[in-house]
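S.K.: Structure file data.cif, mmCIF, C-alpha atoms, is pasted below:
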data_model
loop_
_atom_site.label_atom_id
_atom_site.label_comp_id
_atom_site.auth_asym_id
_atom_site.auth_seq_id
_atom_site.Cartn_x
_atom_site.Cartn_y
_atom_site.Cartn_z
CA CYS A 1 109.07 166.20 126.61
CA ASP A 2 107.33 164.05 124.01
CA ALA A 3 110.27 161.67 123.60
CA LEU A 4 108.61 158.70 125.30
CA GLY A 5 105.52 159.10 123.14
CA ASN A 6 107.65 159.21 120.02
CA LEU A 7 109.07 155.78 120.89
CA GLY A 8 105.64 154.42 119.98
CA LEU A 9 106.07 155.47 116.35
CA GLY A 10 107.02 152.93 113.72
CA TRP A 11 110.71 152.05 113.53
CA LEU A 12 112.67 151.55 110.32
CA PRO A 13 115.85 149.47 109.76
CA SER A 14 118.24 152.31 108.94
CA HIS A 15 120.86 150.01 107.41
CA LEU A 16 118.46 149.21 104.57
CA TYR A 17 117.93 152.85 103.59
CA ALA A 18 120.05 155.84 102.64
CA ALA A 19 121.60 157.62 105.61
CA ASP A 20 119.07 160.47 105.39
CA PHE A 21 116.14 158.25 104.30
CA SER A 22 115.90 160.24 101.07
CA ASP A 23 115.02 156.98 99.30
CA ILE A 24 112.02 156.29 101.54
CA MET A 25 109.62 156.23 98.55
CA THR A 26 111.84 154.13 96.26
CA ALA A 27 113.82 151.73 98.46
CA PRO A 28 112.86 148.04 98.01
CA GLU A 29 112.35 147.75 101.77
CA SER A 30 109.38 150.13 101.59
CA GLU A 31 107.40 147.94 99.19
CA ALA A 32 108.62 144.49 100.24
CA PRO A 33 109.97 144.76 103.80
CA ARG A 34 112.26 141.95 104.93
CA VAL A 35 112.58 143.08 108.53
CA SER A 36 109.92 143.07 111.26
CA ALA A 37 109.92 143.18 115.04
CA GLY A 38 106.13 142.89 115.06
CA PRO A 39 103.81 139.88 115.23
CA PHE A 40 103.66 139.48 111.45
CA LEU A 41 106.00 139.28 108.46
CA PHE A 42 105.43 140.64 104.97
CA GLN A 43 104.26 138.12 102.38
CA SER A 44 102.88 140.07 99.42
CA TRP A 45 101.28 143.29 98.25
CA THR A 46 99.03 143.63 95.21
CA ARG A 47 98.55 147.33 94.58
CA ASP A 48 94.93 148.49 94.92
CA ASP A 49 93.82 144.99 95.92
CA ASN A 50 95.34 143.44 99.04
CA PHE A 51 98.21 143.27 101.49
CA ILE A 52 99.12 139.93 103.12
CA VAL A 53 101.23 139.25 106.21
CA THR A 54 102.05 135.94 107.91
CA ARG A 55 102.83 134.82 111.44
CA ASN A 56 106.20 135.84 112.89
CA GLU A 57 107.30 132.73 114.78
CA ASN A 58 109.99 134.77 116.55
CA TYR A 59 107.73 137.55 117.81
CA TRP A 60 108.94 138.63 121.26
CA GLU A 61 105.52 138.18 122.91
CA GLY A 62 105.09 134.73 121.40
CA SER A 63 104.06 133.43 118.03
CA PRO A 64 100.58 134.72 117.02
CA HIS A 65 97.68 132.26 117.07
CA MET A 66 96.51 133.16 113.56
CA ASP A 67 98.37 132.14 110.42
CA GLY A 68 98.32 135.68 109.12
CA SER A 69 96.16 138.58 108.04
CA ILE A 70 94.85 139.95 104.76
CA VAL A 71 93.97 143.62 104.36
CA ARG A 72 91.68 144.11 101.38
CA VAL A 73 91.23 147.30 99.37
CA VAL A 74 87.50 147.75 98.76
CA PRO A 75 86.80 151.33 97.62
CA ASP A 76 82.99 151.24 97.87
CA PRO A 77 81.64 151.59 101.45
CA GLY A 78 78.51 149.59 100.65
CA ALA A 79 80.57 146.72 99.26
CA ARG A 80 82.74 146.73 102.38
CA LEU A 81 79.71 146.42 104.65
CA ALA A 82 78.23 143.64 102.49
CA GLN A 83 81.49 141.69 102.77
CA LEU A 84 81.48 142.13 106.54
CA GLN A 85 77.93 140.79 106.80
CA SER A 86 78.62 137.86 104.49
CA GLY A 87 81.70 136.84 106.48
CA GLU A 88 84.15 137.58 103.65
CA ILE A 89 85.90 140.01 105.98
CA ASP A 90 86.09 139.86 109.78
CA TYR A 91 86.73 143.45 110.85
CA LEU A 92 85.64 146.81 109.51
CA GLU A 93 85.51 150.42 110.65
CA VAL A 94 82.11 151.54 109.37
CA GLN A 95 80.74 154.91 108.39
CA PRO A 96 78.04 156.48 110.60
CA ASN A 97 75.17 155.69 108.22
CA GLN A 98 76.12 152.00 108.33
CA ILE A 99 76.02 151.58 112.11
CA ALA A 100 72.31 150.79 112.39
CA THR A 101 72.52 148.11 109.71
CA ALA A 102 75.60 146.47 111.22
CA GLU A 103 74.07 146.47 114.70
CA GLN A 104 71.18 144.35 113.48
CA ASP A 105 73.55 141.53 112.52
CA PRO A 106 73.68 138.98 115.39
CA ASP A 107 77.10 137.74 114.23
CA LEU A 108 78.81 141.10 114.73
CA THR A 109 80.16 142.93 117.79
CA ARG A 110 80.51 146.72 117.91
CA PHE A 111 83.30 148.73 119.51
CA ARG A 112 83.05 152.53 119.72
CA TRP A 113 85.87 154.80 120.82
CA PHE A 114 87.10 158.39 120.73
CA ASP A 115 89.77 158.20 118.10
CA ASP A 116 92.90 160.29 118.66
CA GLY A 117 92.28 162.29 115.54
CA PHE A 118 90.08 164.85 113.80
CA VAL A 119 88.67 165.92 110.45
CA TYR A 120 89.54 169.38 109.17
CA ILE A 121 89.70 171.71 106.19
CA ALA A 122 93.31 172.54 105.34
CA VAL A 123 93.49 176.11 104.02
CA ASN A 124 96.44 176.92 101.77
CA GLN A 125 97.99 180.20 102.91
CA ALA A 126 100.19 180.53 99.82
CA ASN A 127 99.57 180.94 96.12
CA PRO A 128 99.07 177.43 94.63
CA ALA A 129 100.41 178.76 91.32
CA ASN A 130 103.73 179.53 93.02
CA PRO A 131 104.57 176.88 95.66
CA GLN A 132 107.72 177.60 97.69
CA ASP A 133 109.54 175.96 100.57
CA GLY A 134 109.12 177.65 103.92
CA THR A 135 112.83 178.06 104.66
CA ASP A 136 116.12 178.26 102.77
CA ALA A 137 119.18 176.07 103.25
CA ASP A 138 120.25 178.18 106.26
CA GLY A 139 116.88 177.91 107.96
CA ASN A 140 115.78 181.46 107.17
CA LEU A 141 112.11 182.09 106.41
CA ILE A 142 111.20 182.43 102.74
CA PRO A 143 108.38 184.99 102.45
CA GLN A 144 105.44 183.28 100.80
CA ASP A 145 103.49 184.56 97.83
CA PRO A 146 100.09 184.80 99.56
CA HIS A 147 97.04 182.98 98.30
CA PRO A 148 94.99 185.48 96.26
CA VAL A 149 91.83 184.68 98.26
CA LEU A 150 92.71 182.64 101.33
CA GLY A 151 95.90 184.50 102.27
CA ASP A 152 93.80 187.06 104.18
CA VAL A 153 93.01 185.82 107.71
CA ARG A 154 89.67 187.66 107.59
CA VAL A 155 88.60 185.45 104.70
CA ARG A 156 89.59 182.31 106.60
CA GLN A 157 87.69 183.54 109.65
CA ALA A 158 84.65 184.28 107.50
CA ILE A 159 84.73 180.71 106.19
CA ALA A 160 85.00 179.42 109.76
CA HIS A 161 81.92 181.44 110.77
CA ALA A 162 79.94 180.13 107.77
CA ILE A 163 80.10 176.48 108.88
CA ASP A 164 77.70 174.98 111.42
CA TYR A 165 79.92 172.37 113.04
CA GLN A 166 77.21 170.91 115.24
CA SER A 167 75.02 170.44 112.17
CA ILE A 168 77.82 168.45 110.50
CA ILE A 169 78.16 166.28 113.60
CA ASP A 170 74.41 165.75 114.00
CA ASN A 171 73.28 165.41 110.39
CA ILE A 172 76.28 164.06 108.48
CA ARG A 173 78.17 162.21 111.20
CA LEU A 174 74.87 161.17 112.82
CA GLY A 175 76.20 162.17 116.23
CA GLU A 176 79.51 160.32 115.88
CA GLY A 177 81.82 163.25 116.62
CA TYR A 178 82.43 166.23 118.88
CA PRO A 179 83.33 169.91 118.31
CA MET A 180 86.95 171.07 118.36
CA ALA A 181 88.13 174.66 118.71
CA ALA A 182 91.82 174.14 117.97
CA ASN A 183 94.59 171.60 117.65
CA VAL A 184 94.72 169.85 121.05
CA LEU A 185 92.47 166.86 121.58
CA PRO A 186 90.13 166.98 124.60
CA THR A 187 91.46 163.57 125.66
CA ILE A 188 94.69 165.41 126.61
CA GLU A 189 92.89 166.98 129.54
CA TRP A 190 95.87 168.76 131.10
CA ALA A 191 96.72 170.63 127.88
CA VAL A 192 93.39 171.39 126.16
CA ASP A 193 91.96 174.89 126.60
CA LYS A 194 88.41 174.09 127.67
CA ASP A 195 87.42 177.77 127.50
CA LEU A 196 88.27 178.08 123.82
CA GLN A 197 85.18 177.58 121.66
CA PRO A 198 84.76 176.80 117.95
CA TYR A 199 83.81 179.70 115.69
CA ALA A 200 80.15 180.55 116.16
CA TYR A 201 77.91 179.83 113.20
CA ASP A 202 77.16 183.40 112.10
CA LEU A 203 76.59 184.19 108.42
CA ASP A 204 76.20 187.91 109.10
CA GLN A 205 79.59 188.03 110.82
CA ALA A 206 81.07 186.07 107.93
CA ARG A 207 79.70 188.56 105.40
CA ALA A 208 80.99 191.49 107.46
CA LEU A 209 84.50 190.03 107.52
CA LEU A 210 84.48 189.59 103.75
CA GLU A 211 83.32 193.18 103.28
CA GLU A 212 86.12 194.35 105.57
CA ALA A 213 88.60 192.36 103.47
CA GLY A 214 87.41 194.17 100.34
CA TRP A 215 85.33 191.40 98.81
CA THR A 216 81.98 192.82 97.63
CA ASP A 217 79.22 191.76 95.25
CA SER A 218 79.08 194.91 93.14
CA ASN A 219 77.20 193.37 90.21
CA GLY A 220 74.63 191.50 92.28
CA ASP A 221 75.30 188.05 90.80
CA GLY A 222 75.76 186.47 94.23
CA ILE A 223 79.54 186.06 93.92
CA ARG A 224 81.87 188.59 95.51
CA GLU A 225 84.65 190.28 93.60
CA LYS A 226 87.83 192.19 94.34
CA ASP A 227 90.13 193.96 91.92
CA GLY A 228 87.99 192.68 89.06
CA LYS A 229 88.30 188.99 90.02
CA ASP A 230 85.50 186.75 91.29
CA MET A 231 85.87 185.04 94.66
CA ASN A 232 86.50 181.51 93.39
CA VAL A 233 88.16 178.73 95.38
CA SER A 234 88.44 174.98 94.94
CA LEU A 235 87.71 172.35 97.58
CA ILE A 236 88.74 168.70 97.25
CA THR A 237 88.45 165.51 99.27
CA ASN A 238 88.94 161.80 98.69
CA ALA A 239 86.27 160.00 96.66
CA GLY A 240 84.60 157.05 98.37
CA ASN A 241 84.52 158.66 101.81
CA THR A 242 80.83 159.50 101.77
CA VAL A 243 81.02 161.54 104.98
CA ARG A 244 83.66 163.86 103.55
CA GLU A 245 81.82 164.02 100.24
CA ASP A 246 78.66 165.11 102.06
CA ILE A 247 80.65 167.69 104.03
CA GLY A 248 82.07 169.04 100.79
CA VAL A 249 78.61 169.59 99.32
CA TYR A 250 77.50 171.22 102.58
CA VAL A 251 80.49 173.59 102.71
CA GLN A 252 80.01 174.47 99.05
CA ASP A 253 76.41 175.46 99.77
CA GLN A 254 77.28 177.38 102.95
CA LEU A 255 80.03 179.43 101.32
CA LYS A 256 77.78 180.26 98.39
CA GLN A 257 75.46 181.92 100.91
CA ILE A 258 78.21 184.39 101.82
CA GLY A 259 79.28 185.01 98.23
CA ILE A 260 82.15 182.55 97.75
CA ASN A 261 82.01 180.31 94.67
CA VAL A 262 83.39 176.86 95.55
CA ASP A 263 84.39 174.28 92.96
CA PHE A 264 84.05 171.06 94.99
CA GLN A 265 85.42 167.76 93.69
CA ALA A 266 85.86 164.31 95.24
CA ILE A 267 88.97 162.84 93.65
CA ASP A 268 91.24 159.80 93.94
CA PHE A 269 92.93 159.67 97.35
CA GLY A 270 96.43 159.43 95.88
CA THR A 271 95.77 162.39 93.61
CA MET A 272 94.53 164.38 96.60
CA LEU A 273 97.70 163.63 98.54
CA ASP A 274 99.81 164.59 95.53
CA GLN A 275 98.09 167.97 95.35
CA MET A 276 98.56 168.50 99.08
CA ASP A 277 102.27 167.63 98.88
CA ALA A 278 102.73 169.83 95.83
CA GLN A 279 100.78 172.63 97.58
CA THR A 280 98.72 173.23 94.43
CA TYR A 281 95.33 173.13 96.15
CA ASP A 282 93.11 175.81 97.71
CA MET A 283 91.24 173.87 100.40
CA VAL A 284 91.00 170.17 101.19
CA ILE A 285 88.84 168.13 103.56
CA ALA A 286 91.14 165.62 105.22
CA GLY A 287 91.75 163.95 108.56
CA TRP A 288 94.47 162.90 110.95
CA THR A 289 94.45 159.89 113.23
CA GLY A 290 97.08 158.53 115.59
CA ILE A 291 97.83 162.01 116.95
CA GLY A 292 98.82 160.45 120.28
CA SER A 293 98.68 161.49 123.89
CA ASP A 294 101.09 164.46 123.76
CA PRO A 295 99.99 167.90 122.52
CA ASN A 296 103.16 168.62 120.57
CA ASP A 297 102.22 168.82 116.87
CA ASP A 298 104.98 171.11 115.61
CA VAL A 299 105.34 169.02 112.46
CA PHE A 300 102.18 170.70 111.11
CA TRP A 301 103.17 174.30 111.84
CA LYS A 302 106.94 174.82 111.62
CA ALA A 303 108.18 176.53 108.48
CA GLU A 304 110.99 173.98 108.17
CA ASN A 305 108.27 171.37 107.49
CA ASP A 306 106.89 173.44 104.62
CA VAL A 307 108.68 171.55 101.84
CA VAL A 308 107.16 171.42 98.37
CA GLY A 309 106.67 167.76 97.50
CA SER A 310 106.79 166.58 101.10
CA GLY A 311 106.48 167.85 104.64
CA PHE A 312 103.38 168.09 106.78
CA ASN A 313 103.14 171.90 106.82
CA ASN A 314 101.48 171.85 103.42
CA THR A 315 99.36 174.91 104.25
CA SER A 316 102.56 177.04 104.05
CA TYR A 317 101.78 178.41 107.52
CA GLN A 318 104.33 180.79 109.03
CA ASN A 319 104.24 182.29 112.50
CA PRO A 320 107.56 182.88 114.33
CA GLU A 321 105.79 183.51 117.66
CA LEU A 322 104.08 180.15 117.43
CA GLU A 323 107.34 178.40 116.53
CA ASP A 324 108.98 179.80 119.68
CA LEU A 325 106.07 178.55 121.78
CA LEU A 326 106.27 175.10 120.19
CA VAL A 327 109.92 174.79 121.18
CA GLN A 328 109.11 175.98 124.70
CA GLY A 329 106.28 173.49 124.96
CA TYR A 330 108.38 170.39 124.36
CA SER A 331 111.52 171.57 126.17
CA VAL A 332 110.17 172.66 129.57
CA PRO A 333 112.66 171.54 132.25
CA GLY A 334 111.15 168.63 134.13
CA CYS A 335 108.31 168.31 131.59
CA LYS A 336 105.60 168.69 134.22
CA PRO A 337 102.14 168.97 132.61
CA GLU A 338 101.22 171.93 134.81
CA ASP A 339 104.29 173.82 133.48
CA ARG A 340 103.63 172.92 129.84
CA ALA A 341 99.86 173.58 129.88
CA PRO A 342 99.96 177.42 129.74
CA ILE A 343 102.21 177.25 126.69
CA TYR A 344 99.87 174.94 124.81
CA LYS A 345 96.88 177.09 125.64
CA LYS A 346 98.65 180.03 123.98
CA ILE A 347 99.39 177.80 120.99
CA GLN A 348 95.73 176.81 120.69
CA GLN A 349 94.64 180.44 120.73
CA ILE A 350 97.04 181.33 117.91
CA ILE A 351 95.96 178.37 115.76
CA HIS A 352 92.32 179.26 116.46
CA ASN A 353 92.92 182.84 115.30
CA ASP A 354 95.14 182.13 112.27
CA LEU A 355 93.19 179.13 110.92
CA PRO A 356 95.67 177.13 108.88
CA TYR A 357 93.16 174.37 109.67
CA ILE A 358 89.43 174.77 110.13
CA TYR A 359 88.54 172.04 112.62
CA LEU A 360 85.27 170.32 111.68
CA TYR A 361 85.02 167.71 114.44
CA GLY A 362 86.92 165.29 116.62
CA SER A 363 86.65 161.70 115.47
CA VAL A 364 84.53 158.99 117.03
CA ALA A 365 85.22 155.61 115.43
CA ASN A 366 83.05 152.52 115.20
CA ALA A 367 84.35 149.07 114.36
CA PHE A 368 82.43 145.83 113.94
CA TYR A 369 84.02 142.40 114.06
CA ASN A 370 82.85 138.82 113.72
CA LYS A 371 81.89 137.24 117.04
CA ASP A 372 83.70 134.06 116.04
CA TRP A 373 86.91 135.85 116.93
CA THR A 374 87.95 135.78 120.57
CA ASN A 375 90.64 137.37 122.75
CA ILE A 376 89.97 140.71 121.08
CA GLU A 377 90.55 143.40 123.70
CA PRO A 378 90.15 146.78 121.96
CA GLY A 379 92.22 149.59 123.44
CA THR A 380 91.46 153.30 123.31
CA TRP A 381 94.69 154.05 121.46
CA SER A 382 94.87 150.88 119.35
CA PHE A 383 92.15 148.40 118.44
CA LYS A 384 94.68 145.79 117.30
CA TRP A 385 97.28 146.13 120.06
CA ASN A 386 97.00 142.44 121.06
CA MET A 387 96.29 140.99 117.62
CA HIS A 388 98.82 138.23 118.21
CA ASN A 389 96.39 136.74 120.76
CA TRP A 390 93.33 136.71 118.50
CA TYR A 391 91.92 133.42 117.23
CA GLN A 392 88.72 132.02 115.74
CA GLN A 393 86.75 129.80 118.08
CA SER A 394 85.30 127.74 115.23
CA LEU A 395 88.80 126.76 114.11
CA GLN A 396 89.95 125.47 117.50
CA PRO A 397 90.20 121.65 117.76
CA ALA A 398 87.67 119.96 120.03
CA VAL A 399 88.93 119.01 123.47
CA THR A 400 88.87 115.24 124.09
CA PRO A 401 88.30 114.20 127.73
#
Is it possible to give me this structure as structure tokens?

M.R.:
Amino acid sequence: CDALGNLGLGWLPSHLYAADFSDIMTAPESEAPRVSAGPFLFQSWTRDDNFIVTRNENYWEGSPHMDGSIVRVVPDPGARLAQLQSGEIDYLEVQPNQIATAEQDPDLTRFRWFDDGFVYIAVNQANPANPQDGTDADGNLIPQDPHPVLGDVRVRQAIAHAIDYQSIIDNIRLGEGYPMAANVLPTIEWAVDKDLQPYAYDLDQARALLEEAGWTDSNGDGIREKDGKDMNVSLITNAGNTVREDIGVYVQDQLKQIGINVDFQAIDFGTMLDQMDAQTYDMVIAGWTGIGSDPNDDVFWKAENDVVGSGFNNTSYQNPELEDLLVQGYSVPGCKPEDRAPIYKKIQQIIHNDLPYIYLYGSVANAFYNKDWTNIEPGTWSFKWNMHNWYQQSLQPAVTP
């Protein structure tokens, strides 16, 4: 049922890769692509600095107006904003605390939209000291060695109750976000369960769940213990994303109030992804964008996608009932939304209960661009969908009568 939506994903020239794409990370085409059906062609890539593309004269919608485009890597958010204001860069998605400053610049235009994505805490269900694939060669489930702290759903639910999501949206995101209870975006109106609510902020309920799970503070030092071991977990996110860094400090403080000791670190983005792929983390603050307009997200939850070193089910989540529902959801005869909706509402309830992800907020994005650029027509699902039509007014030749 999501086949048409999947046609919008990026396409790869299969003849330039191994038959099973096992060389996706090492093939020359991945770092210096020779083939493009898009408006631009690859020119060069300088790791950690820039990526340059040039006009594709043979683009099917017509040759782009601009000569090309340069994407710059600027790790510091303040430096990015300064370059936008100075005219060194023309387009930037800004962080919430930068909006007021950018709006004061008369040379910039703002575009705000509900991004098809969200920010979440991924919670590793399995022991990070013993990562395992989710299935064997025959597709049979491999029982996972549970995480010594987070493998208990009561602990995950306690963590969910200890976070004030509206406070994150109001005070860290400065209002640029909205609450989410589960995995279906509210923009998919026919599938989202509007009656399902995020976990209520309730520290007493969180403490009660931890007590029920056997985690108590017997020595009165403020950190709970069980079987002689303190309740210690790590939390990571990518350095340079000040919003996620602030959320990490907030979550660390909140969980300390219920007796969980959190080692929070903001680390290099690539290192964070490596730990997620290797499944050697406890919890990570991350985000998805480009989720799309169909509710099928089985890639996150199926055990077959729990592959150490790759695969999007890096929380080692297993739930056979959910997997059956996922298959039903995308294979309903006729694919009518009203027939699929009840299935996805059941899926949302299970994800809400099991908490492989703790949903922090749905994303609202803000981009600013230089007013010298014209023909920019931002779309809800893609800001740059008509980039081939963009041009700078100041570079257009004067018209002679």

S.K.: Tell me, in Å to one decimal, how far atom CA of A:Gly214 is from atom CA of A:Leu150.

M.R.: 12.7 Å

S.K.: So, with all atoms listed in the file as the atoms that count, which of A:Asp164, A:Asp282, A:Asp48, A:Glu321 lies closest to A:Val149?

M.R.: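 When distances to A:Val149 are compared using all atoms listed in the file, the smallest one comes from A:Asp282.
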
S.K.: What separation in Å, quoted to one decimal, exists between atom CA of A:Asp193 and atom CA of A:Asp152?

M.R.: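 Between atom CA of A:Asp193 and atom CA of A:Asp152 the gap works out to 25.6 Å.
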
S.K.: Quick check, in Å to one decimal: how far apart do atom CA of A:Ala122 and atom CA of A:Val74 lie?

M.R.: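 According to the coordinates, atom CA of A:Ala122 and atom CA of A:Val74 are separated by 26.3 Å.
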
S.K.: Between A:Lys302, A:Arg34, A:Lys226, A:Arg47, which one has atoms that come closest to A:Thr135, using all atoms listed in the file?

M.R.: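 Of the candidates, the smallest distance to A:Thr135 is held by A:Lys302.
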
S.K.: Might you spell out which residues the PyMOL selection byres ((chain A and resi 262) around 8) would select in the displayed file, as a list of chain:residue names?

M.R.: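 The output of the PyMOL selection byres ((chain A and resi 262) around 8) on this file is A:Asn232, A:Val233, A:Ser234, A:Leu235, A:Gln252, A:Leu255, A:Lys256, A:Ile260, A:Asn261, A:Asp263, A:Phe264.
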
S.K.: Take the residues that were just selected and, keeping C-alpha atoms, output them as a PDB file, in the coordinates of the input.

M.R.:
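This is the output file again09.pdb:
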ATOM      1  CA  ASN A 232      86.500 181.510  93.390  1.00  0.00           C
ATOM      2  CA  VAL A 233      88.160 178.730  95.380  1.00  0.00           C
ATOM      3  CA  SER A 234      88.440 174.980  94.940  1.00  0.00           C
ATOM      4  CA  LEU A 235      87.710 172.350  97.580  1.00  0.00           C
ATOM      5  CA  GLN A 252      80.010 174.470  99.050  1.00  0.00           C
ATOM      6  CA  LEU A 255      80.030 179.430 101.320  1.00  0.00           C
ATOM      7  CA  LYS A 256      77.780 180.260  98.390  1.00  0.00           C
ATOM      8  CA  ILE A 260      82.150 182.550  97.750  1.00  0.00           C
ATOM      9  CA  ASN A 261      82.010 180.310  94.670  1.00  0.00           C
ATOM     10  CA  ASP A 263      84.390 174.280  92.960  1.00  0.00           C
ATOM     11  CA  PHE A 264      84.050 171.060  94.990  1.00  0.00           C
TER      12      PHE A 264
END

S.K.: Give the answer as one residue: which of A:Arg154, A:Pro128, A:Tyr330, A:Ile169 has the shortest atom-to-atom distance to A:Trp215, using all atoms listed in the file?

M.R.: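 Using all atoms listed in the file, A:Trp215 sits closest to A:Arg154.
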
S.K.: Quick test: take stretch 85-98 of chain A, keep N, CA, C and O atoms, and write it as a short mmCIF file (atom, residue, chain, number, x, y, z; two decimals), in the first residue's frame.

M.R.:
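Below is the file decode34.cif, written as the result:
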data_model
loop_
_atom_site.label_atom_id
_atom_site.label_comp_id
_atom_site.auth_asym_id
_atom_site.auth_seq_id
_atom_site.Cartn_x
_atom_site.Cartn_y
_atom_site.Cartn_z
N GLN A 85 23.77 35.87 7.72
CA GLN A 85 23.56 37.31 7.81
C GLN A 85 24.55 38.10 6.98
O GLN A 85 24.23 39.18 6.49
N SER A 86 25.76 37.57 6.84
CA SER A 86 26.77 38.28 6.06
C SER A 86 26.64 38.03 4.56
O SER A 86 27.32 38.68 3.76
N GLY A 87 25.77 37.09 4.17
CA GLY A 87 25.60 36.78 2.76
C GLY A 87 26.54 35.72 2.25
O GLY A 87 26.53 35.41 1.06
N GLU A 88 27.36 35.13 3.13
CA GLU A 88 28.27 34.07 2.70
C GLU A 88 27.49 32.82 2.30
O GLU A 88 27.94 32.04 1.45
N ILE A 89 26.35 32.60 2.96
CA ILE A 89 25.47 31.51 2.57
C ILE A 89 24.08 32.08 2.34
O ILE A 89 23.73 33.16 2.86
N ASP A 90 23.28 31.40 1.53
CA ASP A 90 21.99 31.94 1.09
C ASP A 90 20.79 31.30 1.76
O ASP A 90 19.70 31.85 1.72
N TYR A 91 20.99 30.12 2.35
CA TYR A 91 19.86 29.36 2.90
C TYR A 91 20.33 28.62 4.13
O TYR A 91 21.43 28.05 4.15
N LEU A 92 19.49 28.64 5.18
CA LEU A 92 19.87 27.96 6.41
C LEU A 92 18.63 27.59 7.21
O LEU A 92 17.72 28.40 7.38
N GLU A 93 18.58 26.35 7.69
CA GLU A 93 17.58 25.96 8.68
C GLU A 93 18.15 26.31 10.04
O GLU A 93 19.19 25.78 10.44
N VAL A 94 17.48 27.21 10.76
CA VAL A 94 18.02 27.74 12.01
C VAL A 94 17.44 27.01 13.21
O VAL A 94 16.39 26.37 13.13
N GLN A 95 18.15 27.14 14.33
CA GLN A 95 17.66 26.59 15.58
C GLN A 95 16.70 27.60 16.23
O GLN A 95 16.74 28.79 15.93
N PRO A 96 15.81 27.12 17.09
CA PRO A 96 14.77 28.00 17.64
C PRO A 96 15.30 29.28 18.29
O PRO A 96 14.69 30.35 18.13
N ASN A 97 16.42 29.21 18.99
CA ASN A 97 16.93 30.40 19.65
C ASN A 97 17.58 31.40 18.70
O ASN A 97 18.03 32.46 19.12
N GLN A 98 17.61 31.05 17.40
CA GLN A 98 18.17 31.97 16.40
C GLN A 98 17.10 32.68 15.59
O GLN A 98 17.40 33.59 14.81
#
